[in-house]
Amino acid sequence: MSTVATVPEGTVHPYALSHLDSLESEAVHIFREVAGEFERPVILFSGGKDSILMLHLALKAFAPAPVPFTLLHVDTGHNFPEVLEYRDRTVAEHGLRLHVASVQEYIDAGKLRERPDGTRNPLQTVPLTEAIQQHRFDAVFGGGRRDEEKARAKERVFSLRDEFSQWDPRRQRPELWQLYNGRHAPGEHVRVFPISNWTELDVWQYIEREGIELPGIYFAHEREVFNRSGMWLTAGDWGGPKEHEKVETRQVRYRTVGDMSCTGAVDSDATTLDDVITEIAASRLTERGATRADDKMSEAAMEDRKREGYF
Amino acid sequence: MTASVQPAEQSAATTLLRFATAGSVDDGKSTLVGRLLHDSKSVLTDQLEAVALASTNRGQEAPDLALLTDGLRAEREQGITIDVAYRYFATPRRRFILADTPGHVQYTRNMVTGASTAELAVVLVDARNGVVEQTRRHAAVAALLRVPHVVLAVNKMDLVEYAEPVFAAIAEEFTAYAASLGVPEITAIPISALAGDNVVEPSAHMDWYGGPTVLEHLETVPVSHDLTECHARFPVQYVIRPQTAEHPDYRGYAGQIAAGVFRVGETVSVLPSGRTTTIEGIDALGESVGVAWAPQSVTIRLADDIDVSRGDLLAPADDAPAVTQDVEATVCHVADRPLAVGQRVLLKHTTRTVKAIVKDIPSRLTLDDLSQHPAPGQLVANDIGRVVVRTAEPLALDAYAASRRTGSFLLIDPADGTTLTAGMAGASFAAVTAGAAEAAGTAADDAEWDF
């Protein structure tokens with residue numbers, strides 16, 4: 001081993017930051033950059049843990065002033081009632097303004113057609129894109145993380161979208177240092193991912209550290225579910241179970257929260273944050289692998305949806 | 001063989017290391033990255049199954065771990081890595097963010113991007129080939145970007161009978177070269193990524209090596225240093241003024257400390273105006289603190305009601321950077337369209353974006369051998385060169401050598417916002433220390449060359 005100008009290994013300096021503090025500081029910096037450079041930013045807020053984390057970070061970034069952004073929820077019409085209740089309570093508690101883009105309204109108006117498999121996740125793209133155009137949002141915060149999915153691993157923190165919200169992975173701006181380039185033409189917007197560098201475990205550790213409240217479905221509870229393609233889905237008006245699918249009561253929790261038609265529950269007895277963290281650290285499956293039917297469609301399912309303007 | 005790595009034990013108080021890898025597939029980079037991810041249990045069953053299935057579909061016999069990182073359709077179809085891929089893994093001691101940069105396509109642009117935020121760079125060489133052009137190029141990028149720690153991983157030691165002299169010769173040549181470029185710390189490790197020697201577990205074949213494995217080194221290399229020796233810098237991002245009944249008079253300057261330490265009671269200058277005032281309070285995301293340091297995001301309150309806004313820089317009154325409109329820098333051109341003398345651009349530095357004009361491009365540099373090409377007229381994608389820029393407004397700019405965060409900037413095309421060029425203010429390579437110059441021999445002549 002050849003070493004020049006040796007620094008003693010493992011030396012602890014007084015000015016160290018924990019990994020959670022580093023990630024928090026980075027996310028806050030990103031929120032403030034957007035507040036400083038954009039006119040009409042909006043946070044995509046689904047009531048899922050990643051968007052709850054984003055909102056918590058935004059509240060901290062601008063305290064004691066209010067968050068200078070509104071919220072946008074793309075409601076598939078198949079959302080978990082517990083999550084919608086949480087969403088509305090959170091909005092009221094912090095005095096926020098919420099826009100809702102409704103997939104159901106698009107279907108009712110004949111502008112979107114229900115898919116044969118009943119999954120509404122891919123249908124969110126059009127209402128999302130039109131809401132962005134209608135409200136002239138120029139920065140749209142998403143809770144996407146690079147560890148979630150291999151197409152997301154190539155995503156920038158500031159990701160330019162054209163007027164059709166399309167993502168072109170081969171024409172992304174190189175992102176250097178902490179210099180985020182948010183320049184865009186009228187009609188274009190920038191998707192911003194402040195928690196790009198967080199892993200699922202980081203999110204849970206931070207939620208525990210900060211004492212952030214989550215919807216109850218993230219913790220183990222008894223639920224009537226049925227099995228479809230190896231995933232436990234909740235019975236409901238959205239179109240399940242079919243005749244041959246047997247409903248049973250199991251102790252489950254959700255690792256991700258999305259559209260009921262394609263978000264699976266996992267068998268779990270993790271009733272507390274501590275239990276959840278232990279369970280995730282020991283899990284041999286990624287959260288999307290375990291719980292998202294839409295990502296199993298093909299090797300490039302996420303990339304294709306992202307290109308079309310998906311989150 | 002992975003018994004020592006248990007993510008379940010990871011505590012919330014571990015530190016974070018950002019590092020970059022450089023090397024080509026031929027050097028075994030994918031194997032090394034795959035092994036680090038796999039042996040730290042960061043690759044999960046469904047990902048491995050997906051890789052195995054995709055490999056089979058391509059007619060490959062063994063799972064191709066490169067498919068883990070090559071996320072885009074075009075990458076998988078062409079079997080190449082197009083873009084920097086960020087990978088995440090953890091051990092009980094530390095969380096890691098790995099910027100995995102491709103060896104071949106757009107190598108300079110991607111490695112510069114990966115290295116810009118890295119505190120450590122792993123440079124891979126094949127023990128059979130030793131230090132080659134590409135190795136020198138990687139060392140030069142790490143030196144240019146001032147990556148504080150460089151690891152030379154001498155791979156495929158199994159193919160040279162684990163022979164110490166082979167390793168020692170490569171380590172000596174590389175260390176001399178990198179030190180001559182000003183790389184402050186170099187650690188050479190003999191490994192076999194394929195056989196697992198010295199990646200996570202110590203090798204049973206190289207008793208002569210007494211140093212750490214790659215993972216041990218990644219876990220223990222210092223991520224913080226004595227910040228009191230740094231020039232304290234605070235670019236103002238945003239002014240927080242609630243104007244509510246509860247906080248009618250609160251006025252705070254939000255930002256991320258770019259370098260050094262700030263304390264309540266300290267006298268600071270506001271740049272570029274040059275006015276001075278005192279820090280009255282520091283709010284660190286929910287609590288008032290007496291001291292804060294890089295890279296914390298904080299809100300600073302000042303004693304005097306003076307004009308401060310986004311784009312201004314706070315610095316200790318007795319250690320403020322000079323303010324200038326003339327910028328000389330080393331740049332890496334990252335756009336597909338060229339940068340030419342006379343071009344009008346935007347220059348983005350910390351939280352300030354100003355109009356600028358490219359006055360001169362005195363030279364272009366070949367990274368392979370550090371040869372210079374005077375007056376190239378323009379820079380094209382992946383070129384490294386010197387530029388002279390005149391800005392429309394004054395900037396509080398540090399030399400990149402003194403402060404990576406406040407010495408770096410982007411040049412942006414004002415027409416469509418394209419990021420054109422990544423710039424580092426000041427001289428290219430660090431001054432050569434007497435000892436390193438001696439060790440480096442003739443290579444030192446290149447380093448002193450001012451292009």
# chains A, B, ... in the order shown; residues from 1 in each chain; ligands from 1
$ closest_atom_pairs --of "segment 159-226 of chain B" --to "segment 109-120 of chain B" --cutoff "9 Å" --atoms "only C-alpha atoms" --output "tab-separated table"
residue	atom	partner	partner_atom	distance
B:Leu218	CA	B:Leu120	CA	8.4
B:Val221	CA	B:Leu120	CA	8.7
B:Val223	CA	B:Glu119	CA	7.2
$ atom_distance --atom1 "atom CA of Gly417 of chain B" --atom2 "atom CA of Ile132 of chain A"
20.2 Å
$ atom_distance --atom1 "atom CA of Gly211 of chain B" --atom2 "atom CA of Ala142 of chain B"
22.2 Å
$ residues_around --residues "Asp259 of chain A" --least-positions-apart "3" --cutoff "9 Å" --atoms "only C-alpha atoms" --output "count of residues only"
11
$ residues_around --residues "Phe234 of chain B" --least-positions-apart "5" --cutoff "8 Å" --atoms "only C-alpha atoms" --output "count of residues only"
8
$ atom_distance --atom1 "atom CA of Pro165 of chain B" --atom2 "atom CA of Tyr177 of chain B"
18.3 Å
$ select_by_dssp --residues "segment 102-288 of chain A" --states "strand (DSSP E)" --output "ChimeraX atom specification"
/A:102,139-141,158-161,189-192,221-228,231-234,247-254,265-267
$ write_last_selection --atoms "N, CA and C atoms" --output "short mmCIF file (atom, residue, chain, number, x, y, z; two decimals), in the first residue's frame"
data_model
loop_
_atom_site.label_atom_id
_atom_site.label_comp_id
_atom_site.auth_asym_id
_atom_site.auth_seq_id
_atom_site.Cartn_x
_atom_site.Cartn_y
_atom_site.Cartn_z
N SER A 102 -58.25 14.18 -11.47
CA SER A 102 -58.98 12.95 -11.25
C SER A 102 -59.02 12.06 -12.50
N ALA A 139 -42.18 23.84 -12.03
CA ALA A 139 -41.36 22.83 -11.34
C ALA A 139 -42.30 21.88 -10.62
N VAL A 140 -42.10 20.61 -10.81
CA VAL A 140 -42.99 19.60 -10.24
C VAL A 140 -42.14 18.63 -9.40
N PHE A 141 -42.31 18.69 -8.08
CA PHE A 141 -41.53 17.82 -7.21
C PHE A 141 -42.13 16.42 -7.20
N PHE A 158 -32.77 17.44 -11.33
CA PHE A 158 -33.58 18.36 -12.15
C PHE A 158 -33.73 17.72 -13.53
N SER A 159 -34.95 17.35 -13.88
CA SER A 159 -35.17 16.61 -15.11
C SER A 159 -36.11 17.38 -16.02
N LEU A 160 -35.58 17.86 -17.13
CA LEU A 160 -36.34 18.72 -18.04
C LEU A 160 -37.39 17.92 -18.81
N ARG A 161 -38.61 18.44 -18.88
CA ARG A 161 -39.68 17.80 -19.66
C ARG A 161 -40.20 18.79 -20.68
N HIS A 189 -41.35 22.16 -18.46
CA HIS A 189 -41.22 22.24 -17.01
C HIS A 189 -40.11 21.30 -16.56
N VAL A 190 -39.78 21.40 -15.29
CA VAL A 190 -38.71 20.59 -14.73
C VAL A 190 -39.28 19.70 -13.63
N ARG A 191 -39.06 18.40 -13.75
CA ARG A 191 -39.40 17.51 -12.65
C ARG A 191 -38.22 17.53 -11.68
N VAL A 192 -38.51 17.66 -10.42
CA VAL A 192 -37.44 17.78 -9.43
C VAL A 192 -37.59 16.65 -8.41
N HIS A 221 -51.70 -5.09 9.74
CA HIS A 221 -53.09 -5.08 10.17
C HIS A 221 -53.81 -6.22 9.46
N GLU A 222 -54.99 -6.60 9.99
CA GLU A 222 -55.77 -7.66 9.36
C GLU A 222 -56.55 -7.07 8.20
N ARG A 223 -56.57 -7.77 7.07
CA ARG A 223 -57.21 -7.22 5.89
C ARG A 223 -57.72 -8.35 5.01
N GLU A 224 -58.86 -8.13 4.39
CA GLU A 224 -59.38 -9.11 3.42
C GLU A 224 -58.67 -8.91 2.10
N VAL A 225 -57.95 -9.93 1.67
CA VAL A 225 -57.17 -9.82 0.43
C VAL A 225 -57.39 -11.06 -0.41
N PHE A 226 -56.98 -10.95 -1.67
CA PHE A 226 -56.99 -12.14 -2.54
C PHE A 226 -55.72 -12.11 -3.37
N ASN A 227 -55.36 -13.29 -3.88
CA ASN A 227 -54.08 -13.40 -4.57
C ASN A 227 -54.26 -13.27 -6.08
N ARG A 228 -53.49 -12.33 -6.69
CA ARG A 228 -53.48 -12.21 -8.15
C ARG A 228 -52.03 -12.06 -8.59
N MET A 231 -49.51 -11.55 -5.88
CA MET A 231 -49.57 -10.39 -4.98
C MET A 231 -50.89 -10.37 -4.23
N TRP A 232 -50.85 -9.89 -2.99
CA TRP A 232 -52.07 -9.78 -2.19
C TRP A 232 -52.73 -8.44 -2.46
N LEU A 233 -53.89 -8.48 -3.11
CA LEU A 233 -54.60 -7.25 -3.43
C LEU A 233 -55.83 -7.12 -2.53
N THR A 234 -56.21 -5.86 -2.25
CA THR A 234 -57.38 -5.61 -1.44
C THR A 234 -58.64 -5.66 -2.30
N VAL A 247 -61.09 -14.83 -1.51
CA VAL A 247 -60.77 -13.79 -0.53
C VAL A 247 -60.44 -14.45 0.81
N GLU A 248 -59.37 -13.97 1.43
CA GLU A 248 -59.05 -14.47 2.77
C GLU A 248 -58.54 -13.32 3.64
N THR A 249 -58.61 -13.52 4.95
CA THR A 249 -58.14 -12.50 5.87
C THR A 249 -56.70 -12.83 6.28
N ARG A 250 -55.82 -11.86 6.07
CA ARG A 250 -54.41 -12.08 6.40
C ARG A 250 -53.88 -10.87 7.15
N GLN A 251 -52.78 -11.10 7.88
CA GLN A 251 -52.08 -9.99 8.55
C GLN A 251 -51.06 -9.44 7.55
N VAL A 252 -51.29 -8.23 7.07
CA VAL A 252 -50.44 -7.67 6.01
C VAL A 252 -50.10 -6.21 6.32
N ARG A 253 -49.16 -5.68 5.53
CA ARG A 253 -48.96 -4.24 5.51
C ARG A 253 -48.56 -3.85 4.08
N TYR A 254 -48.62 -2.56 3.78
CA TYR A 254 -48.20 -2.08 2.46
C TYR A 254 -46.79 -1.49 2.56
N ALA A 265 -50.08 -5.96 -1.03
CA ALA A 265 -49.67 -5.95 0.37
C ALA A 265 -48.68 -7.09 0.59
N VAL A 266 -47.88 -6.99 1.63
CA VAL A 266 -46.96 -8.07 1.98
C VAL A 266 -47.36 -8.64 3.34
N ASP A 267 -47.19 -9.95 3.49
CA ASP A 267 -47.41 -10.57 4.79
C ASP A 267 -46.45 -9.94 5.77
#
$ residues_around --residues "Glu328 of chain B" --least-positions-apart "2" --cutoff "12 Å" --atoms "only C-alpha atoms" --output "VMD selection string"
chain B and resid 324 to 326 330 to 331 358 to 363 385 to 391 397 to 400 407 to 409 423 to 428 451
$ closest_atom_pairs --of "segment 12-59 of chain A" --to "segment 169-178 of chain A" --cutoff "12 Å" --atoms "only C-alpha atoms" --output "tab-separated table"
residue	atom	partner	partner_atom	distance
A:Ser25	CA	A:Gln178	CA	11.8
A:Glu26	CA	A:Gln178	CA	8.8
A:Ala27	CA	A:Gln178	CA	11.1
A:His29	CA	A:Gln178	CA	8.9
A:Ile30	CA	A:Gln178	CA	8.8
A:Glu33	CA	A:Gln178	CA	10.1
$ residues_around --residues "Pro414 of chain B" --least-positions-apart "4" --cutoff "10 Å" --atoms "only C-alpha atoms" --output "PyMOL selection string"
(chain A and resi 183-184) or (chain B and resi 344-347+355+418-419)
